[in-house]
Every structure is written in structure tokens, then in C-alpha cells.
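Below is one structure, written out as C-alpha cells; the observations come after it.
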Amino acid sequence: MNTLTKMAMGLIGKLKAGPVIGYSASTIHLPSANTTGGLPLMEAMMQRQSQREFETTPLPEQMLSNLLWAAAGINRPEENGRTTPSAMNAQEIEVYVALPSGLYRYAAPTQTLDLVSATDVRLVTGYQDFAGEAPLDLIYVANHGNMKLIPASQRESFASVAAGAMTQNVYLYCASAGLATVIRAWFDRTALTQAMGLDTDQQVLLSQTVGRPKITSTH
């Protein structure tokens with residue numbers, strides 16, 4: 001579906017999630033993240049970039065596990081420390097994964113994906129043509145209910161900084177693993193909030209498409 005069609009459907013309240021492709025498991029048990037190897041940090045930063053053309057091939061579960069661990073995984077189990085910072089350790093950012101088989105929420109302590117909705121919400125994660133076709137979209141949601149110790153006027157700002165740190169970790173992992181990614185803020189927030197079934201304490205901040213870079217034929 002192209003950009004203009006999505007925008008038109010959004011204006012009339014018809015931009016909605018679609019049926020799933022394949023089986024929607026209630027829980028996806030990811031393998032333990034591989035936390036060694038990859039490119040040296042400075043090399044990964046040299047290769048960090050936004051790309052907007054993706055193959056539709058699903059990512060292997062090991063790669064998905066590594067990706068999510070980079071975004072919000074636990075790297076210091078004794079203190080529940082994460083790979084990205086959070087003000088007052090509120091851990092307010094919930095990472096959702098939109099797959100063809102359904103919408104899942106990432107659970108870092110168990111390294112699992114828990115089914116939220118047996119619908120394909122990729123189409124609703126952005127107006128761009130590639131949204132809905134790439135193998136997965138990450139959606140960063142601020143849960144203001146986790147930020148009760150932070151003044152209400154500062155919660156959105158703090159949450160946005162935390163989400164930004166997660167997206168950059170994803171960029172660096174993708175650069176190291178040879179994947180393509182792009183962060184996006186151009187989407188119908190009302191439609192996406194409804195498609196995800198979020199409550200009033202939850203605020204969609206950003207989405208990020210990930211997949212293998214599209215291979216263009218040279219003839």
C-alpha cells in the first residue's frame with residue numbers, strides 16, 4: 001500500500017492492522033543473545049546509516065534475539081542493568097515487535113516475545129511504502145505508569161531520550177550484522193495506538209524498521 005493510500009485511509013479512520021501471516025505463537029522463546037563478536041565499535045559507527053529498502057525475508061531467531069538484546073536487553077543481571085540508560089531506572093520504554101505473525105512485546109528478563117495481538121500491524125507503523133513489507137518493525141512505547149517518581153512535565157522528554165538510546169543501539173547492531181534499518185516518527189499515532197490496544201498511560205514515540213538490505217539486480 002502506498003503513502004497516499006495510507007494517508008487517505010487514516011483521514012477516514014480506516015487505517016487498521018491486517019490479518020496475520022502464519023501462526024501466532026503465544027510466546028516466542030528466543031535463544032540467548034550472542035553478546036560477543038561483531039564489528040569493533042568505531043567501525044560500526046562508521047557504517048551506521050539509515051536505509052529504506054528491505055528484503056522481505058524473515059530474520060533468524062538468533063539475529064532477532066541479538067537485535068532486541070542490543071535495544072533493551074539485560075547486561076548486568078545482578079542489578080537488572082540494561083544495555084541502554086533510563087532515568088531513575090524507571091525502565092519506561094516498552095519495545096514491541098511487529099511481525100507478520102503478530103504483535104509481540106519484548107520481555108528482557110526472560111528473553112521472550114509475548115503475544116499482544118494476533119494481527120499484522122506493520123502497515124500501521126508508518127506512512128512510508130516499505131512499512132508493512134519489511135520483516136519487522138520495532139515500536140517504542142513510553143509507559144508513563146512506570147515514571148511516577150519523575151515530574152509529569154518531564155516524562156515525555158525523559159522517555160524520548162531513553163527511546164533514542166535504544167534506536168541507536170539497534171543502528172549499531174545492524175551496522176555490525178549487515179542489516180538495514182531506519183527510525184521513523186511519521187505515522188498515524190491514533191491508528192497505531194488503537195491497533196496495538198494501548199491504554200492511556202502508554203504513548204507511542206517511535207518506530208524502527210529492520211531487515212536485510214534490498215539487493216538490486218545489476219544487468
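Labeling convention for the C-alpha cells: chains A, B, ... as they appear, residues from 1 per chain, ligands from 1 in order of appearance.
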From a DSSP pass on the backbone, collect the residues of segment 10-191 of chain A flagged as strand (DSSP E) and hand them back as a PyMOL selection string.
chain A and resi 27-29+74-76+81-82+93-99+102-107+112-117+136-143+180-184
All residues 8 Å or closer to Ala72 of chain A, only C-alpha atoms, same chain fewer than 4 positions away omitted, as a list in words
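Final neighbour list, sorted by chain and number: Leu68, Arg82, Thr83, Thr84, Val95, Ala108 and Met166 of chain A.
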Write out as a ChimeraX atom specification the residues lying within 8 Å of segment 44-57 of chain A, counting only C-alpha atoms and excluding same-chain residues fewer than 5 positions away.
/A:39,130,133-135,171-176,180-183,210-215
Residues from the last selection, N, CA, C and O atoms, saved as an mmCIF file, in the first residue's frame:
data_model
loop_
_atom_site.group_PDB
_atom_site.id
_atom_site.type_symbol
_atom_site.label_atom_id
_atom_site.label_comp_id
_atom_site.auth_asym_id
_atom_site.auth_seq_id
_atom_site.Cartn_x
_atom_site.Cartn_y
_atom_site.Cartn_z
ATOM 1 N N LEU A 39 31.475 -6.201 14.800
ATOM 2 C CA LEU A 39 32.478 -5.207 14.436
ATOM 3 C C LEU A 39 32.956 -4.434 15.661
ATOM 4 O O LEU A 39 32.185 -4.224 16.611
ATOM 5 N N PHE A 130 7.552 1.196 2.365
ATOM 6 C CA PHE A 130 8.178 -0.042 2.822
ATOM 7 C C PHE A 130 7.592 -0.552 4.139
ATOM 8 O O PHE A 130 7.746 -1.720 4.473
ATOM 9 N N GLU A 133 5.986 -4.119 4.582
ATOM 10 C CA GLU A 133 6.624 -5.114 3.725
ATOM 11 C C GLU A 133 7.912 -5.664 4.319
ATOM 12 O O GLU A 133 8.258 -6.823 4.096
ATOM 13 N N ALA A 134 8.642 -4.844 5.061
ATOM 14 C CA ALA A 134 9.865 -5.308 5.712
ATOM 15 C C ALA A 134 9.512 -6.370 6.761
ATOM 16 O O ALA A 134 8.377 -6.422 7.246
ATOM 17 N N PRO A 135 10.466 -7.235 7.139
ATOM 18 C CA PRO A 135 10.130 -8.359 8.012
ATOM 19 C C PRO A 135 9.730 -7.990 9.429
ATOM 20 O O PRO A 135 9.016 -8.743 10.085
ATOM 21 N N TYR A 171 20.758 0.645 15.583
ATOM 22 C CA TYR A 171 21.529 1.072 14.419
ATOM 23 C C TYR A 171 22.923 0.439 14.426
ATOM 24 O O TYR A 171 23.414 -0.057 13.406
ATOM 25 N N LEU A 172 23.573 0.470 15.585
ATOM 26 C CA LEU A 172 24.933 -0.051 15.666
ATOM 27 C C LEU A 172 24.957 -1.560 15.484
ATOM 28 O O LEU A 172 25.858 -2.097 14.833
ATOM 29 N N TYR A 173 23.966 -2.249 16.060
ATOM 30 C CA TYR A 173 23.909 -3.697 15.841
ATOM 31 C C TYR A 173 23.688 -3.992 14.362
ATOM 32 O O TYR A 173 24.337 -4.876 13.791
ATOM 33 N N CYS A 174 22.779 -3.272 13.735
ATOM 34 C CA CYS A 174 22.500 -3.508 12.316
ATOM 35 C C CYS A 174 23.734 -3.247 11.469
ATOM 36 O O CYS A 174 24.024 -4.000 10.521
ATOM 37 N N ALA A 175 24.482 -2.205 11.799
ATOM 38 C CA ALA A 175 25.711 -1.920 11.059
ATOM 39 C C ALA A 175 26.699 -3.070 11.203
ATOM 40 O O ALA A 175 27.364 -3.469 10.244
ATOM 41 N N SER A 176 26.780 -3.616 12.410
ATOM 42 C CA SER A 176 27.705 -4.713 12.663
ATOM 43 C C SER A 176 27.268 -6.009 11.996
ATOM 44 O O SER A 176 28.099 -6.793 11.538
ATOM 45 N N ALA A 180 19.796 -3.634 7.479
ATOM 46 C CA ALA A 180 19.338 -2.281 7.170
ATOM 47 C C ALA A 180 18.314 -1.858 8.217
ATOM 48 O O ALA A 180 17.540 -2.681 8.711
ATOM 49 N N THR A 181 18.312 -0.579 8.541
ATOM 50 C CA THR A 181 17.323 -0.071 9.490
ATOM 51 C C THR A 181 17.095 1.418 9.257
ATOM 52 O O THR A 181 17.938 2.110 8.679
ATOM 53 N N VAL A 182 15.941 1.888 9.704
ATOM 54 C CA VAL A 182 15.644 3.319 9.676
ATOM 55 C C VAL A 182 14.648 3.622 10.790
ATOM 56 O O VAL A 182 13.704 2.869 11.020
ATOM 57 N N ILE A 183 14.909 4.695 11.498
ATOM 58 C CA ILE A 183 13.996 5.152 12.553
ATOM 59 C C ILE A 183 12.945 6.067 11.939
ATOM 60 O O ILE A 183 13.233 6.811 10.992
ATOM 61 N N VAL A 210 13.452 -2.827 10.442
ATOM 62 C CA VAL A 210 14.698 -3.598 10.367
ATOM 63 C C VAL A 210 14.520 -4.734 9.370
ATOM 64 O O VAL A 210 13.451 -5.356 9.304
ATOM 65 N N GLY A 211 15.552 -5.004 8.617
ATOM 66 C CA GLY A 211 15.542 -6.136 7.695
ATOM 67 C C GLY A 211 16.863 -6.233 6.972
ATOM 68 O O GLY A 211 17.779 -5.436 7.197
ATOM 69 N N ARG A 212 16.975 -7.204 6.108
ATOM 70 C CA ARG A 212 18.173 -7.290 5.281
ATOM 71 C C ARG A 212 18.090 -6.219 4.193
ATOM 72 O O ARG A 212 17.004 -5.930 3.675
ATOM 73 N N PRO A 213 19.215 -5.602 3.839
ATOM 74 C CA PRO A 213 19.167 -4.589 2.775
ATOM 75 C C PRO A 213 18.740 -5.208 1.454
ATOM 76 O O PRO A 213 19.119 -6.334 1.139
ATOM 77 N N LYS A 214 17.935 -4.477 0.714
ATOM 78 C CA LYS A 214 17.442 -4.991 -0.550
ATOM 79 C C LYS A 214 18.577 -5.088 -1.566
ATOM 80 O O LYS A 214 19.377 -4.178 -1.732
ATOM 81 N N ILE A 215 18.600 -6.218 -2.225
ATOM 82 C CA ILE A 215 19.619 -6.450 -3.233
ATOM 83 C C ILE A 215 19.059 -6.020 -4.588
ATOM 84 O O ILE A 215 18.036 -6.528 -5.037
#
Calculated over only C-alpha atoms, which of the candidates A:Ala131, A:Met7, A:Leu205, A:Met196 has the smallest distance to Ser117 of chain A?
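Of A:Ala131, A:Met7, A:Leu205, A:Met196, the one nearest Ser117 of chain A is A:Met196, counting only C-alpha atoms.
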Residue contacts of Ser160 of chain A (9 Å, only C-alpha atoms) excluding same-chain residues fewer than 6 positions away, as number ranges by chain:
A: 93, 142, 205-206
Residues of the last selection are to be written out with C-alpha atoms, as a compact mmCIF listing (two decimals), in the first residue's frame.
# COMPACT_ATOMS: atom_id res chain seq x y z
CA ILE A 93 10.22 2.13 27.36
CA ALA A 142 6.61 5.02 26.81
CA LEU A 205 7.14 7.51 20.49
CA LEU A 206 8.99 6.00 17.54
Which of segment 103-160 of chain A counts as helix (DSSP H, G or I) under DSSP, as a PyMOL selection string please?
chain A and resi 122-125+144-146+152-160
I'd like the contact shell of Gln62 of chain A - 12 Å cut-off, only C-alpha atoms, skipping same-chain residues fewer than 5 positions apart - returned as a list in words.
Ile28, His29, Leu30, Pro31, Ser32, Ala33, Asn34, Thr35, Leu67, Leu68, Trp69, Gln111, Thr112 and Ala177 of chain A
Could the residues in this selection be written to a file with N, CA, C and O atoms, as a PDB file, in the first residue's frame?
ATOM      1  N   ILE A  28       7.220 -16.512  22.100  1.00  0.00           N
ATOM      2  CA  ILE A  28       8.370 -16.940  21.309  1.00  0.00           C
ATOM      3  C   ILE A  28       9.588 -16.930  22.224  1.00  0.00           C
ATOM      4  O   ILE A  28       9.981 -15.873  22.751  1.00  0.00           O
ATOM      5  N   HIS A  29      10.151 -18.095  22.464  1.00  0.00           N
ATOM      6  CA  HIS A  29      11.333 -18.210  23.312  1.00  0.00           C
ATOM      7  C   HIS A  29      12.573 -18.023  22.444  1.00  0.00           C
ATOM      8  O   HIS A  29      12.932 -18.898  21.658  1.00  0.00           O
ATOM      9  N   LEU A  30      13.186 -16.878  22.589  1.00  0.00           N
ATOM     10  CA  LEU A  30      14.365 -16.564  21.783  1.00  0.00           C
ATOM     11  C   LEU A  30      15.600 -17.248  22.357  1.00  0.00           C
ATOM     12  O   LEU A  30      15.696 -17.450  23.578  1.00  0.00           O
ATOM     13  N   PRO A  31      16.554 -17.594  21.500  1.00  0.00           N
ATOM     14  CA  PRO A  31      17.824 -18.115  22.031  1.00  0.00           C
ATOM     15  C   PRO A  31      18.549 -17.029  22.801  1.00  0.00           C
ATOM     16  O   PRO A  31      18.277 -15.833  22.625  1.00  0.00           O
ATOM     17  N   SER A  32      19.460 -17.429  23.664  1.00  0.00           N
ATOM     18  CA  SER A  32      20.255 -16.437  24.384  1.00  0.00           C
ATOM     19  C   SER A  32      20.993 -15.561  23.387  1.00  0.00           C
ATOM     20  O   SER A  32      21.496 -16.042  22.366  1.00  0.00           O
ATOM     21  N   ALA A  33      21.046 -14.275  23.690  1.00  0.00           N
ATOM     22  CA  ALA A  33      21.723 -13.348  22.786  1.00  0.00           C
ATOM     23  C   ALA A  33      23.212 -13.647  22.746  1.00  0.00           C
ATOM     24  O   ALA A  33      23.826 -13.982  23.769  1.00  0.00           O
ATOM     25  N   ASN A  34      23.775 -13.545  21.584  1.00  0.00           N
ATOM     26  CA  ASN A  34      25.216 -13.681  21.416  1.00  0.00           C
ATOM     27  C   ASN A  34      25.835 -12.320  21.692  1.00  0.00           C
ATOM     28  O   ASN A  34      25.719 -11.394  20.890  1.00  0.00           O
ATOM     29  N   THR A  35      26.498 -12.179  22.831  1.00  0.00           N
ATOM     30  CA  THR A  35      26.986 -10.869  23.274  1.00  0.00           C
ATOM     31  C   THR A  35      28.482 -10.684  23.024  1.00  0.00           C
ATOM     32  O   THR A  35      29.097  -9.791  23.600  1.00  0.00           O
ATOM     33  N   LEU A  67      19.394  -8.566  18.278  1.00  0.00           N
ATOM     34  CA  LEU A  67      18.877  -7.226  17.994  1.00  0.00           C
ATOM     35  C   LEU A  67      18.131  -6.658  19.198  1.00  0.00           C
ATOM     36  O   LEU A  67      18.357  -5.516  19.614  1.00  0.00           O
ATOM     37  N   LEU A  68      17.248  -7.463  19.770  1.00  0.00           N
ATOM     38  CA  LEU A  68      16.443  -6.988  20.896  1.00  0.00           C
ATOM     39  C   LEU A  68      17.291  -6.817  22.150  1.00  0.00           C
ATOM     40  O   LEU A  68      17.058  -5.894  22.941  1.00  0.00           O
ATOM     41  N   TRP A  69      18.252  -7.701  22.337  1.00  0.00           N
ATOM     42  CA  TRP A  69      19.159  -7.535  23.482  1.00  0.00           C
ATOM     43  C   TRP A  69      19.928  -6.225  23.352  1.00  0.00           C
ATOM     44  O   TRP A  69      20.102  -5.497  24.329  1.00  0.00           O
ATOM     45  N   GLN A 111      14.003 -13.093  27.947  1.00  0.00           N
ATOM     46  CA  GLN A 111      14.415 -13.109  26.540  1.00  0.00           C
ATOM     47  C   GLN A 111      13.342 -13.809  25.698  1.00  0.00           C
ATOM     48  O   GLN A 111      13.595 -14.750  24.950  1.00  0.00           O
ATOM     49  N   THR A 112      12.126 -13.318  25.847  1.00  0.00           N
ATOM     50  CA  THR A 112      10.995 -13.872  25.108  1.00  0.00           C
ATOM     51  C   THR A 112      10.210 -12.753  24.439  1.00  0.00           C
ATOM     52  O   THR A 112      10.343 -11.570  24.780  1.00  0.00           O
ATOM     53  N   ALA A 177      25.945  -6.235  11.934  1.00  0.00           N
ATOM     54  CA  ALA A 177      25.411  -7.501  11.428  1.00  0.00           C
ATOM     55  C   ALA A 177      25.045  -7.460   9.949  1.00  0.00           C
ATOM     56  O   ALA A 177      24.553  -8.459   9.412  1.00  0.00           O
TER      57      ALA A 177
END
With only C-alpha atoms as the basis for distance, which of A:Leu64, A:Met88, A:Leu192, A:Leu103 is at the shortest distance from Pro19 of chain A?
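Closest candidate: A:Leu103.
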Applying 10 Å and only C-alpha atoms, which residues near Phe187 of chain A remain after dropping the ones on its own chain fewer than 6 positions away? List them as a ChimeraX atom specification.
/A:6-7,10,123-128,131,206-207
Which distance in Å separates atom CA of Leu15 of chain A and atom CA of Ala191 of chain A, to one decimal?
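Answer for the atom CA of Leu15 of chain A to atom CA of Ala191 of chain A separation: 6.3 Å.
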Which polymer residues have any atom within 9 Å of an atom of Val204 of chain A, counting only C-alpha atoms, with same-chain residues fewer than 5 positions away left out, as a list in words?
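So, after excluding close chain neighbours, the residues are Ile139, Tyr140, Val141, Ala142, Asn143, Arg189, Leu192, Thr193 and Leu198 of chain A.
Of the listed residues A:Asp129, A:Ala87, A:Lys148, A:Pro40, the one whose atoms come nearest to Trp186 of chain A is A:Asp129, with distances taken using only C-alpha atoms.
In this model, the gap between atom CA of Ala185 of chain A and atom CA of Ile150 of chain A comes to 24.2 Å.
The spacing separating atom CA of Thr167 of chain A from atom CA of Ala71 of chain A amounts to 6.7 Å.
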